[in-house]
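Step one of this worksheet: look at the structure below.
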Amino acid sequence: MATMTESIPTTVQVHLGDRSYAIQVRHDVASSVWADVLPKALRGQQALIVCDANTQSWAEAWYDIIAPFAPRQKMIVLPAGEAEKHLGTVARLYDDLADLPADRHTYVIAIGGGVLGDTAGFAAATYARGLPWIMVPTTLLAMVDSSVGGKVGVNHPKGKNLIGAFHQPAAVWIATSALTSLPDREFRSGLAEVVKYGVIMDAHLFEMLEAESLNLHNPRHPRWVEIIARCCRLKADVVEQDERETKGLRLILNYGHTFAHAFESVAGYGTWLHGEAVALGMLCASRLSERRGLVVPAVAERQRELLVKFGLPVQADARWNVDDVLLAMRTDKKARGGRLRFIVPRRLGEVEVVDDVQDTEVAAVLREVGCHG
Ligand SMILES: NC(=O)c1ccc[n+]([C@@H]2O[C@H](COP(=O)([O-])OP(=O)(O)OC[C@H]3O[C@@H](n4cnc5c(N)ncnc54)[C@H](O)[C@@H]3O)[C@@H](O)[C@H]2O)c1
Ligand SMILES: [Zn+2]
């Protein structure tokens with residue numbers, strides 16, 4: 001078995017013409033580990049490092065190893081949390097960039113989770129018609145999901161991520177050691193998105209997760225570098241074919257999410273973490289597939305077992321009413337201006353989109369996982 005020091009650094013190339021970039025996945029934040037990347041990436045330009053209160057110590061470590069290659073750097077520490085993902089925070093970053101002063105070659109380096117990355121990335125997308133930016137994700141969700149694809153943005157009182165842009169980063173630097181300080185619940189929440197990739201695109205990944213499930217509770221395990229790189233590759237495969245979500249291919253990444261968004265809303269935002277809602281949502285989507293005879297029952301059962309091993313919920317809050325969940329789904333659908341669509345598995349590694357599902361079918365699935373009414 002590999003030891004803690006044997007994780008192999010991995011590069012994932014995202015091919016998007018002149019917006020192409022590399023995602024580097026390594027374990028530590030140390031100058032020896034990043035010596036081949038930093039000089040080429042920053043080319044002596046100035047940099048604005050943006051982090052939040054919980055990622056500041058990681059940002060300081062990056063600041064130190066970046067210093068020789070970006071002699072003029074400044075670090076901004078934002079308050080943490082989804083509530084800070086709004087235009088006011090972006091305006092504050094514009095002020096910081098103007099104070100530098102930033103020029104068109106100044107790098108914004110976002111060190112944090114999806115909230116921080118989406119917010120700082122949006123400031124980079126819009127300041128001076130677009131600055132280069134580097135995403136340094138520090139949550140598992142950000143490493144496998146939000147750092148790939150170039151979607152940046154902030155929330156509006158009328159809806160999540162209503163204000164945004166596509167702005168591909170110049171690079172993504174993933175040091176998996178950041179996961180060691182992540183609260184356990186946030187870490188497990190990210191695991192749900194990892195399981196998602198296995199079900200929608202990669203049966204081998206799913207089998208690897210099953211085989212290694214006990215080891216993967218440990219964020220220091222060397223397999224993490226490989227698993228995160230594999231998830232980035234899978235998301236990059238989708239993004240390369242459908243960069244701006246015009247062809248519907250990116251839809252498969254929403255596996256479990258029609259249910260999950262409704263669960264997050266019915267529970268009261270922030271009560272269930274996104275990944276927790278996705279875990280139960282994926283199970284519901286599988287049960288729906290099973291009811292329609294599209295998939296053998298073993299697929300839902302294997303998912304359920306894996307999610308349980310990862311400490312993720314597979315049972316609804318018994319206080320949730322079926323009609324309330326259905327209403328939340330319809331409201332979310334309206335907000336998105338589309339039909340109620342579900343991504344359902346055909347077999348491990350393959351999904352399809354269904355949009356002719358009756359409320360009675362959804363209600364039956366919701367009752368199966370413990371909703372009442
Ligand atoms: N752009 C995209 O494609 C995309 C995709 C999925 C999700 N998102 C967005 O991502 C956001 C969720 O991201 P998230 O789950 O990373 O949440 P988050 O950014 O809020 O991070 C979760 C918490 O962990 C803290 N934290 C981050 N890294 C840490 C570390 N290494 N050690 C200790 N604490 C740490 C953060 O400060 C925060 O309190 C949502 O706003 C969502 O809309 C974007
Ligand atoms: Zn998600």
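Note on naming: chains are A, B, ... as they come in the structure tokens, residues start from 1 per chain, ligands start from 1 in the order shown.
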Closest atom pairs, chain A residues within 6 Å of ligand 1, only C-alpha atoms and all ligand atoms, as a tab-separated table:
```
residue	atom	partner	partner_atom_place_in_ligand_line	distance
A:Asp52	CA	ligand 1	37 (O)	5.8
A:Asn54	CA	ligand 1	37 (O)	4.5
A:Thr55	CA	ligand 1	29 (C)	5.2
A:Ala80	CA	ligand 1	37 (O)	4.6
A:Gly81	CA	ligand 1	20 (O)	4.7
A:Glu82	CA	ligand 1	20 (O)	5.4
A:Gly112	CA	ligand 1	28 (N)	5.0
A:Gly113	CA	ligand 1	19 (O)	3.2
A:Gly114	CA	ligand 1	13 (O)	3.2
A:Val115	CA	ligand 1	19 (O)	3.8
A:Leu116	CA	ligand 1	19 (O)	5.5
A:Asp118	CA	ligand 1	1 (N)	5.5
A:Thr138	CA	ligand 1	28 (N)	4.2
A:Thr139	CA	ligand 1	28 (N)	4.6
A:Leu141	CA	ligand 1	16 (O)	5.1
A:Ala142	CA	ligand 1	16 (O)	4.7
A:Asp145	CA	ligand 1	5 (C)	5.2
A:Ser146	CA	ligand 1	4 (C)	3.5
A:Gly149	CA	ligand 1	3 (O)	6.0
A:Lys151	CA	ligand 1	1 (N)	4.3
A:Val152	CA	ligand 1	1 (N)	5.1
A:Ala178	CA	ligand 1	31 (N)	4.3
A:Leu179	CA	ligand 1	31 (N)	5.0
A:Ser181	CA	ligand 1	32 (N)	4.1
A:Leu182	CA	ligand 1	32 (N)	3.6
```
Hey, could you make a per-residue contact list for chain A against ligand 2 with 7 Å as the cut-off, showing the nearest pair of atoms and its distance in Å to one decimal, counting only C-alpha atoms and all ligand atoms, sorted by chain and number, as CSV?
```
residue,atom,partner,partner_atom_place_in_ligand_line,distance
A:Glu193,CA,ligand 2,1 (Zn),6.3
A:Asn254,CA,ligand 2,1 (Zn),6.8
A:His257,CA,ligand 2,1 (Zn),6.6
A:His274,CA,ligand 2,1 (Zn),6.5
A:Gly275,CA,ligand 2,1 (Zn),6.4
A:Val278,CA,ligand 2,1 (Zn),6.5
```
When you look at A:Lys160 with a cut-off of 12 Å (counting only C-alpha atoms), what residues show up, excluding the ones that are within fewer than 3 positions of it in the same chain? I need them as a list in words.
Glu82, Ala83, Lys85, His86, Val115, Asp118, Val152, Gly153, Val154, Asn155, His156, Pro157, Ile163, Gly164, His261, Ser265, Tyr269, Asp332, Ala335 and Arg336 of chain A
Any chance you could export the current selection's all heavy atoms as a compact mmCIF listing (two decimals), in the first residue's frame?
```
# COMPACT_ATOMS: atom_id res chain seq x y z
N GLU A 82 -21.67 31.67 3.08
CA GLU A 82 -22.55 31.92 1.92
C GLU A 82 -23.20 33.31 2.01
O GLU A 82 -23.44 33.95 0.99
CB GLU A 82 -23.62 30.82 1.89
CG GLU A 82 -24.56 30.83 0.71
CD GLU A 82 -23.96 30.31 -0.60
OE1 GLU A 82 -23.12 29.39 -0.57
OE2 GLU A 82 -24.34 30.86 -1.66
N ALA A 83 -23.46 33.78 3.24
CA ALA A 83 -24.11 35.10 3.40
C ALA A 83 -23.23 36.24 2.88
O ALA A 83 -23.72 37.33 2.62
CB ALA A 83 -24.45 35.33 4.87
N LYS A 85 -21.60 36.07 0.07
CA LYS A 85 -21.48 35.93 -1.39
C LYS A 85 -22.46 36.88 -2.07
O LYS A 85 -23.52 36.47 -2.55
CB LYS A 85 -21.75 34.46 -1.77
CG LYS A 85 -21.38 34.09 -3.18
CD LYS A 85 -21.57 32.60 -3.41
CE LYS A 85 -21.88 32.31 -4.85
NZ LYS A 85 -22.05 30.88 -5.13
N HIS A 86 -22.13 38.18 -2.05
CA HIS A 86 -23.04 39.17 -2.64
C HIS A 86 -22.22 40.29 -3.27
O HIS A 86 -20.98 40.37 -3.10
CB HIS A 86 -24.02 39.71 -1.60
CG HIS A 86 -23.35 40.29 -0.38
ND1 HIS A 86 -22.72 41.50 -0.39
CD2 HIS A 86 -23.20 39.80 0.87
CE1 HIS A 86 -22.22 41.75 0.79
NE2 HIS A 86 -22.48 40.73 1.58
N VAL A 115 -17.57 29.41 -2.13
CA VAL A 115 -18.09 30.76 -1.91
C VAL A 115 -17.02 31.79 -2.26
O VAL A 115 -17.24 32.74 -3.02
CB VAL A 115 -18.55 30.93 -0.43
CG1 VAL A 115 -18.74 32.39 -0.09
CG2 VAL A 115 -19.82 30.14 -0.19
N ASP A 118 -16.12 31.64 -6.10
CA ASP A 118 -17.14 32.24 -6.96
C ASP A 118 -17.10 33.77 -6.86
O ASP A 118 -17.26 34.49 -7.85
CB ASP A 118 -18.54 31.76 -6.56
CG ASP A 118 -18.86 30.35 -7.07
OD1 ASP A 118 -17.94 29.68 -7.55
OD2 ASP A 118 -20.03 29.93 -6.98
N VAL A 152 -18.50 31.71 -12.32
CA VAL A 152 -18.23 32.56 -11.17
C VAL A 152 -19.47 33.43 -10.94
O VAL A 152 -20.26 33.64 -11.86
CB VAL A 152 -16.99 33.46 -11.40
CG1 VAL A 152 -15.72 32.62 -11.46
CG2 VAL A 152 -17.13 34.29 -12.69
N GLY A 153 -19.64 33.93 -9.71
CA GLY A 153 -20.81 34.77 -9.49
C GLY A 153 -21.17 34.90 -8.03
O GLY A 153 -20.52 34.30 -7.16
N VAL A 154 -22.21 35.68 -7.80
CA VAL A 154 -22.68 35.91 -6.43
C VAL A 154 -24.20 35.80 -6.38
O VAL A 154 -24.87 35.77 -7.42
CB VAL A 154 -22.23 37.30 -5.90
CG1 VAL A 154 -20.72 37.36 -5.71
CG2 VAL A 154 -22.70 38.43 -6.82
N ASN A 155 -24.72 35.77 -5.16
CA ASN A 155 -26.16 35.66 -4.96
C ASN A 155 -26.82 37.03 -5.01
O ASN A 155 -26.19 38.06 -4.75
CB ASN A 155 -26.46 35.02 -3.60
CG ASN A 155 -25.83 33.63 -3.47
OD1 ASN A 155 -25.69 32.92 -4.46
ND2 ASN A 155 -25.42 33.26 -2.27
N HIS A 156 -28.12 37.02 -5.33
CA HIS A 156 -28.95 38.21 -5.28
C HIS A 156 -30.09 37.87 -4.30
O HIS A 156 -30.44 36.70 -4.18
CB HIS A 156 -29.50 38.48 -6.70
CG HIS A 156 -30.35 39.70 -6.81
ND1 HIS A 156 -31.70 39.70 -6.53
CD2 HIS A 156 -30.04 40.96 -7.17
CE1 HIS A 156 -32.18 40.92 -6.70
NE2 HIS A 156 -31.19 41.70 -7.08
N PRO A 157 -30.65 38.87 -3.62
CA PRO A 157 -31.74 38.53 -2.70
C PRO A 157 -32.84 37.68 -3.36
O PRO A 157 -33.51 36.89 -2.70
CB PRO A 157 -32.29 39.90 -2.28
CG PRO A 157 -31.14 40.85 -2.45
CD PRO A 157 -30.30 40.30 -3.58
N ILE A 163 -26.25 36.50 -10.29
CA ILE A 163 -25.34 37.43 -10.96
C ILE A 163 -24.05 36.67 -11.22
O ILE A 163 -23.44 36.13 -10.28
CB ILE A 163 -25.05 38.64 -10.05
CG1 ILE A 163 -26.37 39.33 -9.70
CG2 ILE A 163 -24.07 39.61 -10.71
CD1 ILE A 163 -26.33 40.12 -8.44
N GLY A 164 -23.65 36.58 -12.46
CA GLY A 164 -22.44 35.78 -12.68
C GLY A 164 -21.92 35.85 -14.09
O GLY A 164 -22.43 36.59 -14.94
N HIS A 261 -32.02 20.43 -4.15
CA HIS A 261 -32.38 21.85 -3.97
C HIS A 261 -33.66 21.97 -3.17
O HIS A 261 -33.80 22.86 -2.32
CB HIS A 261 -32.52 22.54 -5.34
CG HIS A 261 -31.22 22.68 -6.06
ND1 HIS A 261 -31.09 22.58 -7.43
CD2 HIS A 261 -29.97 22.89 -5.60
CE1 HIS A 261 -29.83 22.73 -7.77
NE2 HIS A 261 -29.12 22.93 -6.68
N SER A 265 -34.14 23.69 0.61
CA SER A 265 -35.13 24.74 0.83
C SER A 265 -36.11 24.36 1.95
O SER A 265 -36.38 25.15 2.85
CB SER A 265 -35.86 25.00 -0.49
OG SER A 265 -37.11 25.54 -0.28
N TYR A 269 -32.52 26.98 4.48
CA TYR A 269 -31.16 27.05 3.93
C TYR A 269 -30.09 27.04 5.01
O TYR A 269 -30.20 27.73 6.02
CB TYR A 269 -31.00 28.26 3.01
CG TYR A 269 -31.54 27.95 1.64
CD1 TYR A 269 -32.77 28.44 1.22
CD2 TYR A 269 -30.86 27.07 0.80
CE1 TYR A 269 -33.29 28.10 -0.01
CE2 TYR A 269 -31.38 26.72 -0.44
CZ TYR A 269 -32.59 27.23 -0.83
OH TYR A 269 -33.10 26.87 -2.04
N ASP A 332 -38.41 25.98 -7.65
CA ASP A 332 -37.03 25.98 -8.15
C ASP A 332 -37.02 25.88 -9.68
O ASP A 332 -36.30 26.57 -10.37
CB ASP A 332 -36.29 24.78 -7.53
CG ASP A 332 -34.81 24.81 -7.80
OD1 ASP A 332 -34.22 25.90 -7.68
OD2 ASP A 332 -34.23 23.76 -8.14
N ALA A 335 -37.96 29.14 -11.12
CA ALA A 335 -36.83 30.07 -10.99
C ALA A 335 -35.81 29.81 -12.10
O ALA A 335 -35.13 30.71 -12.57
CB ALA A 335 -36.19 29.91 -9.62
N ARG A 336 -35.69 28.55 -12.49
CA ARG A 336 -34.72 28.19 -13.53
C ARG A 336 -35.32 28.28 -14.93
O ARG A 336 -34.63 28.07 -15.92
CB ARG A 336 -34.23 26.76 -13.30
CG ARG A 336 -33.17 26.67 -12.25
CD ARG A 336 -33.18 25.32 -11.56
NE ARG A 336 -32.58 25.45 -10.24
CZ ARG A 336 -31.28 25.32 -10.01
NH1 ARG A 336 -30.47 25.01 -10.96
NH2 ARG A 336 -30.81 25.49 -8.79
```
Rounded to one decimal in Å, what is the spacing between atom CA of A:Met329 and atom CA of A:Phe259?
7.1 Å
From the set A:Asp18, A:Asp96, A:Glu84, A:Asp237, which residue has the shortest atom-to-atom contact distance to A:Leu253, counting only C-alpha atoms?
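Of all the options, A:Asp237 lies closest to A:Leu253.
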